[in-house]
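Engineer: First the structure, which I've put down as structure tokens, then a few questions once you've had a look.
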Amino acid sequence: MSDNKENKKKPATHSSKGTTGKKNWPLWEIFVRSKNGLEHRHFGSLHAADADMALENARDVYTRRNEGVSIWVVESKNITASNPEHNGEMFEPASDKVYRHPTFYDLPDDVKHM
Amino acid sequence: MSEKEVKNMEAIFDQKIANDEKIEPKDWMPEKYRKTHIRQISQHAHSEIVGMLPEGNWITRAPSLRRKVALLAKVQDEAGHGLYLYSACETLGISREELYNQLHSGKAKYSSIFNYPTITWADIGAIGWLVDGAAIINQVPLCSTSFGPYARAMVRVCKEESFHQRQGYEIMLTLCNGTPEQKEMAQDALNRWWWPSLMMFGPTDDESTHTEQSMKWKLKRKTNDELRQQFIDQTVPQAEILGITIPDKDLKWNEERGHYDFGKIDWDEFWQVVKGHGPCNKDRLETRVNAWEEGEWVRDAAMVYAEKQADRKVRKVS
Ligand SMILES: [Fe+2]
Ligand SMILES: [Fe+2]
């Protein structure tokens with residue numbers, strides 16, 4: 001059994017057999033602002049030949065239902081990320097600095113608006 | 001890392017997941033976790049992509065403009081689902097090219113349901129109603145799975161799926177309220193898609209090999225049999241509203257269990273299709289490979305154009 005293909009025109013096709021296979025489209029990270037007043041947020045990634053195409057593809061992949069009013073695309077290779085294995089030296093210094101939080105300071109209860 | 005250190009890392013890792021913390025791509029993870037996730041997420045992505053083919057078959061012949069725009073939008077969503085999932089999978093260190101190679105060479109699997117043919121317009125209704133319905137039940141628990149990018153992709157997918165199921169059910173409803181021939185078409189589609197839809201939940205629990213590990217990693221939150229039962233229980237009343245009959249003479253409400261009892265699933269058929277002997281396996285893969293190969297010159301041209309534009313920009317600046 002196979003699909004019913006009655007009344008279907010066979011589309012014209014261009015075979016590319018024998019081409020050399022050029023470079024793959026690079027990967028882009030997509031950031032979308034869902035409405036004014038909110039920040040751009042990472043939505044995911046996609047492949048595109050250049051930035052313009054990345055923007056168009058991002059529109060089609062990530063904002064098909066008005067999820068955005070602005071899109072940023074950044075080629076993934078341009079992002080420098082911290083290494084989670086170094087999270088200790090990276091983030092722990094902040095955890096013993098309790099004096100950065102308002103609750104560190106002792107004030108009598110009758111001080112208002114503070 | 002020594003074996004003992006790895007064991008230690010694994011214990012910390014398992015604890016993190018047990019505490020409902022998420023795993024992100026650059027975090028340390030056991031090799032088995034990485035491999036299992038690449039396999040499952042890519043299979044899922046391939047299913048979305050191949051899943052466009054049986055429905056795409058009817059876009060040009062949809063019976064009205066309303067049906068046509070809806071089906072087009074649905075199939076486009078499935079392409080989007082494939083892309084969300086491929087990009088989630090790529091964060092685990094495998095390239096898109098490699099993923100496509102695995103699909104095109106037949107090494108990777110995709111959901112067997114898409115190896116069944118779409119013979120009449122009613123099949124488009126049955127697919128939306130039953131296949132997307134089953135997919136939703138499989139996917140909702142994955143919104144809280146342990147691997148961050150997979151969970152985030154699934155949240156987006158699940159938001160979009162409910163339109164798919166509703167458009168399918170509406171097609172069935174229209175046919176069932178139509179002429180006797182139209183209702184007959186709807187019944188015929190239900191007859192052909194019912195059992196394959198039940199198989200979408202995978203082998204029975206006593207035959208399923210990965211369940212325990214998958215539960216621990218939250219790739220599964222309920223067993224295959226539990227999900228299948230949930231699907232049957234919610235679908236039977238929907239068929240009653242349509243006024244068509246589920247093709248299972250053993251289907252019966254069981255007061256004591258609070259669930260429907262149902263007949264034996266033909267697992268031989270399931271394994272035959274999985275092994276590549278379904279009605280459309282060859283056709284699906286061929287169509288997919290052709291689409292990829294015949295698009296190669298377009299992808300190459302776009303790349304050359306992009307490089308030229310970049311060159312021009314550099315020259316303008318200097
Ligand atoms: Fe989907
Ligand atoms: Fe869907």
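Ordering of the structure tokens sets the chain letters (A, B, ...), residue numbers begin anew at 1 in every chain, and ligands are numbered from 1 in the order given.
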Taking the backbone alone, and naming residues the way the document does, which bits of segment 28-67 of chain A are strand (DSSP E) by DSSP, as a PyMOL selection string?

Structural biologist: chain A and resi 28-33+40-47

Engineer: How would the residues just chosen look if you wrote them out with all heavy atoms as a tab-separated table (two decimals), in the first residue's frame?

Structural biologist:
```
chain	number	residue	atom	x	y	z
A	28	TRP	N	23.69	29.63	14.14
A	28	TRP	CA	23.40	30.95	14.71
A	28	TRP	C	22.57	30.79	15.97
A	28	TRP	O	21.70	29.93	16.04
A	28	TRP	CB	22.61	31.81	13.70
A	28	TRP	CG	23.35	32.04	12.43
A	28	TRP	CD1	23.53	31.15	11.41
A	28	TRP	CD2	24.07	33.23	12.05
A	28	TRP	NE1	24.29	31.70	10.41
A	28	TRP	CE2	24.64	32.99	10.78
A	28	TRP	CE3	24.27	34.48	12.64
A	28	TRP	CZ2	25.40	33.94	10.09
A	28	TRP	CZ3	25.03	35.43	11.97
A	28	TRP	CH2	25.59	35.16	10.72
A	29	GLU	N	22.83	31.65	16.96
A	29	GLU	CA	22.01	31.67	18.17
A	29	GLU	C	20.97	32.77	18.01
A	29	GLU	O	21.28	33.87	17.54
A	29	GLU	CB	22.86	31.93	19.41
A	29	GLU	CG	23.94	30.88	19.67
A	29	GLU	CD	23.39	29.47	19.82
A	29	GLU	OE1	22.33	29.30	20.45
A	29	GLU	OE2	24.03	28.53	19.30
A	30	ILE	N	19.75	32.46	18.42
A	30	ILE	CA	18.63	33.37	18.17
A	30	ILE	C	18.10	33.95	19.49
A	30	ILE	O	17.81	33.21	20.43
A	30	ILE	CB	17.47	32.62	17.48
A	30	ILE	CG1	17.98	31.82	16.27
A	30	ILE	CG2	16.36	33.60	17.08
A	30	ILE	CD1	18.71	32.62	15.23
A	31	PHE	N	18.00	35.26	19.53
A	31	PHE	CA	17.47	35.97	20.71
A	31	PHE	C	16.23	36.76	20.29
A	31	PHE	O	16.28	37.49	19.31
A	31	PHE	CB	18.53	36.91	21.28
A	31	PHE	CG	19.79	36.19	21.70
A	31	PHE	CD1	20.78	35.88	20.77
A	31	PHE	CD2	19.98	35.80	23.01
A	31	PHE	CE1	21.94	35.20	21.15
A	31	PHE	CE2	21.13	35.12	23.41
A	31	PHE	CZ	22.12	34.82	22.47
A	32	VAL	N	15.16	36.60	21.04
A	32	VAL	CA	13.90	37.24	20.66
A	32	VAL	C	13.39	38.11	21.82
A	32	VAL	O	13.39	37.68	22.98
A	32	VAL	CB	12.83	36.19	20.30
A	32	VAL	CG1	11.49	36.85	19.97
A	32	VAL	CG2	13.29	35.33	19.12
A	33	ARG	N	12.98	39.33	21.49
A	33	ARG	CA	12.28	40.18	22.46
A	33	ARG	C	10.79	39.93	22.23
A	33	ARG	O	10.28	40.16	21.14
A	33	ARG	CB	12.61	41.65	22.19
A	33	ARG	CG	11.95	42.61	23.19
A	33	ARG	CD	11.83	44.03	22.67
A	33	ARG	NE	13.07	44.74	22.38
A	33	ARG	CZ	13.94	45.18	23.30
A	33	ARG	NH1	13.71	44.96	24.57
A	33	ARG	NH2	15.04	45.82	22.95
A	40	HIS	N	15.72	40.78	25.25
A	40	HIS	CA	15.84	39.69	24.29
A	40	HIS	C	16.22	38.44	25.07
A	40	HIS	O	17.06	38.50	25.96
A	40	HIS	CB	16.93	39.98	23.25
A	40	HIS	CG	16.53	41.00	22.23
A	40	HIS	ND1	16.50	42.34	22.49
A	40	HIS	CD2	16.13	40.86	20.93
A	40	HIS	CE1	16.10	43.00	21.41
A	40	HIS	NE2	15.87	42.12	20.44
A	41	ARG	N	15.61	37.34	24.72
A	41	ARG	CA	15.87	36.09	25.44
A	41	ARG	C	16.32	35.04	24.44
A	41	ARG	O	15.86	35.02	23.30
A	41	ARG	CB	14.59	35.64	26.15
A	41	ARG	CG	14.80	34.67	27.28
A	41	ARG	CD	13.55	34.60	28.17
A	41	ARG	NE	12.35	34.24	27.42
A	41	ARG	CZ	12.05	32.98	27.05
A	41	ARG	NH1	12.84	31.98	27.37
A	41	ARG	NH2	10.94	32.74	26.38
A	42	HIS	N	17.23	34.16	24.87
A	42	HIS	CA	17.70	33.10	23.97
A	42	HIS	C	16.56	32.15	23.66
A	42	HIS	O	15.91	31.63	24.57
A	42	HIS	CB	18.85	32.34	24.64
A	42	HIS	CG	19.45	31.32	23.72
A	42	HIS	ND1	19.53	29.99	24.05
A	42	HIS	CD2	19.99	31.45	22.49
A	42	HIS	CE1	20.10	29.33	23.05
A	42	HIS	NE2	20.39	30.19	22.09
A	43	PHE	N	16.28	31.91	22.38
A	43	PHE	CA	15.17	31.04	21.98
A	43	PHE	C	15.65	29.71	21.45
A	43	PHE	O	14.89	28.75	21.41
A	43	PHE	CB	14.32	31.75	20.90
A	43	PHE	CG	13.10	32.44	21.43
A	43	PHE	CD1	13.17	33.23	22.58
A	43	PHE	CD2	11.87	32.30	20.80
A	43	PHE	CE1	12.03	33.87	23.07
A	43	PHE	CE2	10.72	32.93	21.29
A	43	PHE	CZ	10.81	33.72	22.42
A	44	GLY	N	16.89	29.67	20.96
A	44	GLY	CA	17.39	28.44	20.35
A	44	GLY	C	18.38	28.79	19.27
A	44	GLY	O	18.90	29.91	19.25
A	45	SER	N	18.63	27.85	18.38
A	45	SER	CA	19.61	28.12	17.33
A	45	SER	C	19.12	27.57	16.01
A	45	SER	O	18.14	26.81	15.96
A	45	SER	CB	20.96	27.53	17.73
A	45	SER	OG	20.80	26.18	18.10
A	46	LEU	N	19.78	27.95	14.95
A	46	LEU	CA	19.44	27.41	13.62
A	46	LEU	C	20.62	27.62	12.67
A	46	LEU	O	21.56	28.35	12.98
A	46	LEU	CB	18.18	28.08	13.07
A	46	LEU	CG	18.08	29.59	13.06
A	46	LEU	CD1	18.88	30.22	11.94
A	46	LEU	CD2	16.61	29.99	12.88
A	47	HIS	N	20.55	26.97	11.53
A	47	HIS	CA	21.60	27.12	10.53
A	47	HIS	C	21.15	28.08	9.44
A	47	HIS	O	19.99	28.07	9.04
A	47	HIS	CB	21.91	25.76	9.90
A	47	HIS	CG	22.58	24.82	10.84
A	47	HIS	ND1	23.94	24.70	10.92
A	47	HIS	CD2	22.06	23.98	11.77
A	47	HIS	CE1	24.24	23.80	11.85
A	47	HIS	NE2	23.12	23.35	12.39
```

Engineer: Select all residues from chain B having any atom no more than 6 Å from an atom of chain A (counting only C-alpha atoms, ignoring ligands), output as a ChimeraX atom specification.

Structural biologist: /B:27,80,87,117-119,279,294,300,302-303,306

Engineer: Could you write those residues out with N, CA and C atoms, as a PDB file, in the first residue's frame?

Structural biologist:
```pdb
ATOM      1  N   ASP B  27      27.579  21.110  31.069  1.00  0.00           N
ATOM      2  CA  ASP B  27      27.792  20.409  32.349  1.00  0.00           C
ATOM      3  C   ASP B  27      28.389  19.028  32.096  1.00  0.00           C
ATOM      4  N   GLY B  80       9.123  23.088  12.102  1.00  0.00           N
ATOM      5  CA  GLY B  80       9.662  23.854  13.223  1.00  0.00           C
ATOM      6  C   GLY B  80      10.036  22.944  14.391  1.00  0.00           C
ATOM      7  N   SER B  87      18.307  21.400  16.969  1.00  0.00           N
ATOM      8  CA  SER B  87      19.239  22.333  17.601  1.00  0.00           C
ATOM      9  C   SER B  87      19.475  21.946  19.057  1.00  0.00           C
ATOM     10  N   PRO B 117       0.486   4.761   4.877  1.00  0.00           N
ATOM     11  CA  PRO B 117       0.118   5.683   3.792  1.00  0.00           C
ATOM     12  C   PRO B 117      -1.095   6.553   4.121  1.00  0.00           C
ATOM     13  N   THR B 118      -1.185   7.701   3.442  1.00  0.00           N
ATOM     14  CA  THR B 118      -2.389   8.537   3.509  1.00  0.00           C
ATOM     15  C   THR B 118      -3.167   8.337   2.213  1.00  0.00           C
ATOM     16  N   ILE B 119      -4.260   7.588   2.337  1.00  0.00           N
ATOM     17  CA  ILE B 119      -4.976   7.130   1.154  1.00  0.00           C
ATOM     18  C   ILE B 119      -6.144   8.040   0.794  1.00  0.00           C
ATOM     19  N   PRO B 279       4.475  -0.387   5.085  1.00  0.00           N
ATOM     20  CA  PRO B 279       4.005  -0.085   3.722  1.00  0.00           C
ATOM     21  C   PRO B 279       4.784   1.045   3.044  1.00  0.00           C
ATOM     22  N   GLU B 294      18.349  17.179  -3.741  1.00  0.00           N
ATOM     23  CA  GLU B 294      17.953  18.123  -4.776  1.00  0.00           C
ATOM     24  C   GLU B 294      18.004  19.567  -4.284  1.00  0.00           C
ATOM     25  N   ASP B 300      24.310  25.409  -1.545  1.00  0.00           N
ATOM     26  CA  ASP B 300      25.643  25.831  -1.990  1.00  0.00           C
ATOM     27  C   ASP B 300      25.614  27.260  -2.520  1.00  0.00           C
ATOM     28  N   ALA B 302      23.540  29.630  -1.797  1.00  0.00           N
ATOM     29  CA  ALA B 302      23.336  30.577  -0.703  1.00  0.00           C
ATOM     30  C   ALA B 302      24.643  30.845   0.026  1.00  0.00           C
ATOM     31  N   MET B 303      25.430  29.807   0.179  1.00  0.00           N
ATOM     32  CA  MET B 303      26.717  29.935   0.886  1.00  0.00           C
ATOM     33  C   MET B 303      27.684  30.799   0.080  1.00  0.00           C
ATOM     34  N   ALA B 306      26.569  34.355   0.290  1.00  0.00           N
ATOM     35  CA  ALA B 306      26.889  34.927   1.604  1.00  0.00           C
ATOM     36  C   ALA B 306      28.362  35.307   1.680  1.00  0.00           C
TER      37      ALA B 306
END
```

Engineer: Please identify all protein, DNA and RNA residues within 12 Å of ligand 2, counting only C-alpha atoms and all ligand atoms, and report them as a tab-separated table (two decimals) with C-alpha atoms, in the first residue's frame.

Structural biologist:
```
chain	number	residue	atom	x	y	z
B	44	HIS	CA	12.28	12.65	17.86
B	45	ALA	CA	13.56	15.30	15.42
B	47	SER	CA	10.02	11.85	13.35
B	48	GLU	CA	8.88	15.46	13.07
B	49	ILE	CA	10.64	15.85	9.72
B	50	VAL	CA	9.51	12.55	8.19
B	51	GLY	CA	6.08	13.16	9.71
B	52	MET	CA	5.59	16.03	7.29
B	55	GLU	CA	0.36	14.94	5.45
B	70	ALA	CA	-4.61	24.91	8.36
B	71	LEU	CA	-2.81	21.87	7.00
B	72	LEU	CA	-0.03	23.99	5.58
B	73	ALA	CA	0.42	25.69	8.96
B	74	LYS	CA	0.40	22.34	10.72
B	75	VAL	CA	3.01	20.82	8.46
B	76	GLN	CA	5.12	23.97	8.82
B	77	ASP	CA	4.86	23.58	12.61
B	78	GLU	CA	6.20	20.03	12.30
B	79	ALA	CA	9.20	21.39	10.37
B	80	GLY	CA	9.66	23.85	13.22
B	81	HIS	CA	9.47	21.04	15.80
B	82	GLY	CA	12.15	19.18	13.90
B	124	ILE	CA	-5.49	13.80	7.43
B	127	ILE	CA	-3.64	11.73	11.82
B	128	GLY	CA	-4.36	15.03	13.54
B	129	TRP	CA	-6.81	13.46	15.93
B	130	LEU	CA	-5.01	10.21	16.77
B	131	VAL	CA	-1.34	10.60	15.85
B	132	ASP	CA	-0.94	14.12	17.18
B	133	GLY	CA	-3.15	13.11	20.11
B	134	ALA	CA	-0.80	10.24	20.96
B	135	ALA	CA	2.22	12.46	20.39
B	136	ILE	CA	0.86	15.01	22.88
B	137	ILE	CA	0.50	12.32	25.55
B	138	ASN	CA	4.08	11.20	24.90
B	139	GLN	CA	5.44	14.74	24.85
B	154	MET	CA	9.25	20.37	24.30
B	156	ARG	CA	7.38	25.09	22.70
B	157	VAL	CA	6.30	21.94	20.83
B	158	CYS	CA	3.49	21.14	23.25
B	159	LYS	CA	2.08	24.67	23.00
B	160	GLU	CA	1.71	24.17	19.25
B	161	GLU	CA	0.38	20.62	19.23
B	162	SER	CA	-3.10	21.26	20.52
B	163	PHE	CA	-4.06	23.14	17.35
B	164	HIS	CA	-2.89	20.10	15.36
B	165	GLN	CA	-5.17	17.74	17.17
B	166	ARG	CA	-8.14	20.08	17.05
B	167	GLN	CA	-7.82	20.66	13.30
B	168	GLY	CA	-7.72	16.88	12.78
```

Engineer: Quick one: everything within 7 Å of Arg221 of chain B, counting only C-alpha atoms, minus sequence neighbours fewer than 3 positions away in the same chain. Send it as a PyMOL selection string.

Structural biologist: chain B and resi 141+215+218

Engineer: For those residues, write N, CA and C atoms to a file as an mmCIF file, in the first residue's frame.

Structural biologist:
```cif
data_model
loop_
_atom_site.group_PDB
_atom_site.id
_atom_site.type_symbol
_atom_site.label_atom_id
_atom_site.label_comp_id
_atom_site.auth_asym_id
_atom_site.auth_seq_id
_atom_site.Cartn_x
_atom_site.Cartn_y
_atom_site.Cartn_z
ATOM 1 N N PRO B 141 4.927 14.944 29.273
ATOM 2 C CA PRO B 141 5.830 14.681 30.400
ATOM 3 C C PRO B 141 7.272 15.115 30.114
ATOM 4 N N MET B 215 13.387 6.485 33.324
ATOM 5 C CA MET B 215 12.626 7.079 34.430
ATOM 6 C C MET B 215 13.570 7.910 35.292
ATOM 7 N N LYS B 218 14.343 11.072 33.775
ATOM 8 C CA LYS B 218 13.128 11.818 33.459
ATOM 9 C C LYS B 218 12.882 11.949 31.956
#
```

Engineer: For atom CA of Asp250 of chain B and atom CA of Phe262 of chain B, determine how far apart the two atoms are, in Å to one decimal place.

Structural biologist: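 The value is 5.3 Å.
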
Engineer: Would you mind telling me which residue in B:Ala186, B:Val273, B:Val304, B:Val140 lies nearest to ligand 1 when using only C-alpha atoms and all ligand atoms?

Structural biologist: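 Using only C-alpha atoms and all ligand atoms, ligand 1 sits closest to B:Val140.
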
Engineer: For Lys22 of chain B, list every protein, DNA or RNA residue within 7 Å, evaluated using only C-alpha atoms, and leave out those in the same chain fewer than 6 positions away; present the list as a PyMOL selection string.

Structural biologist: chain B and resi 146-148
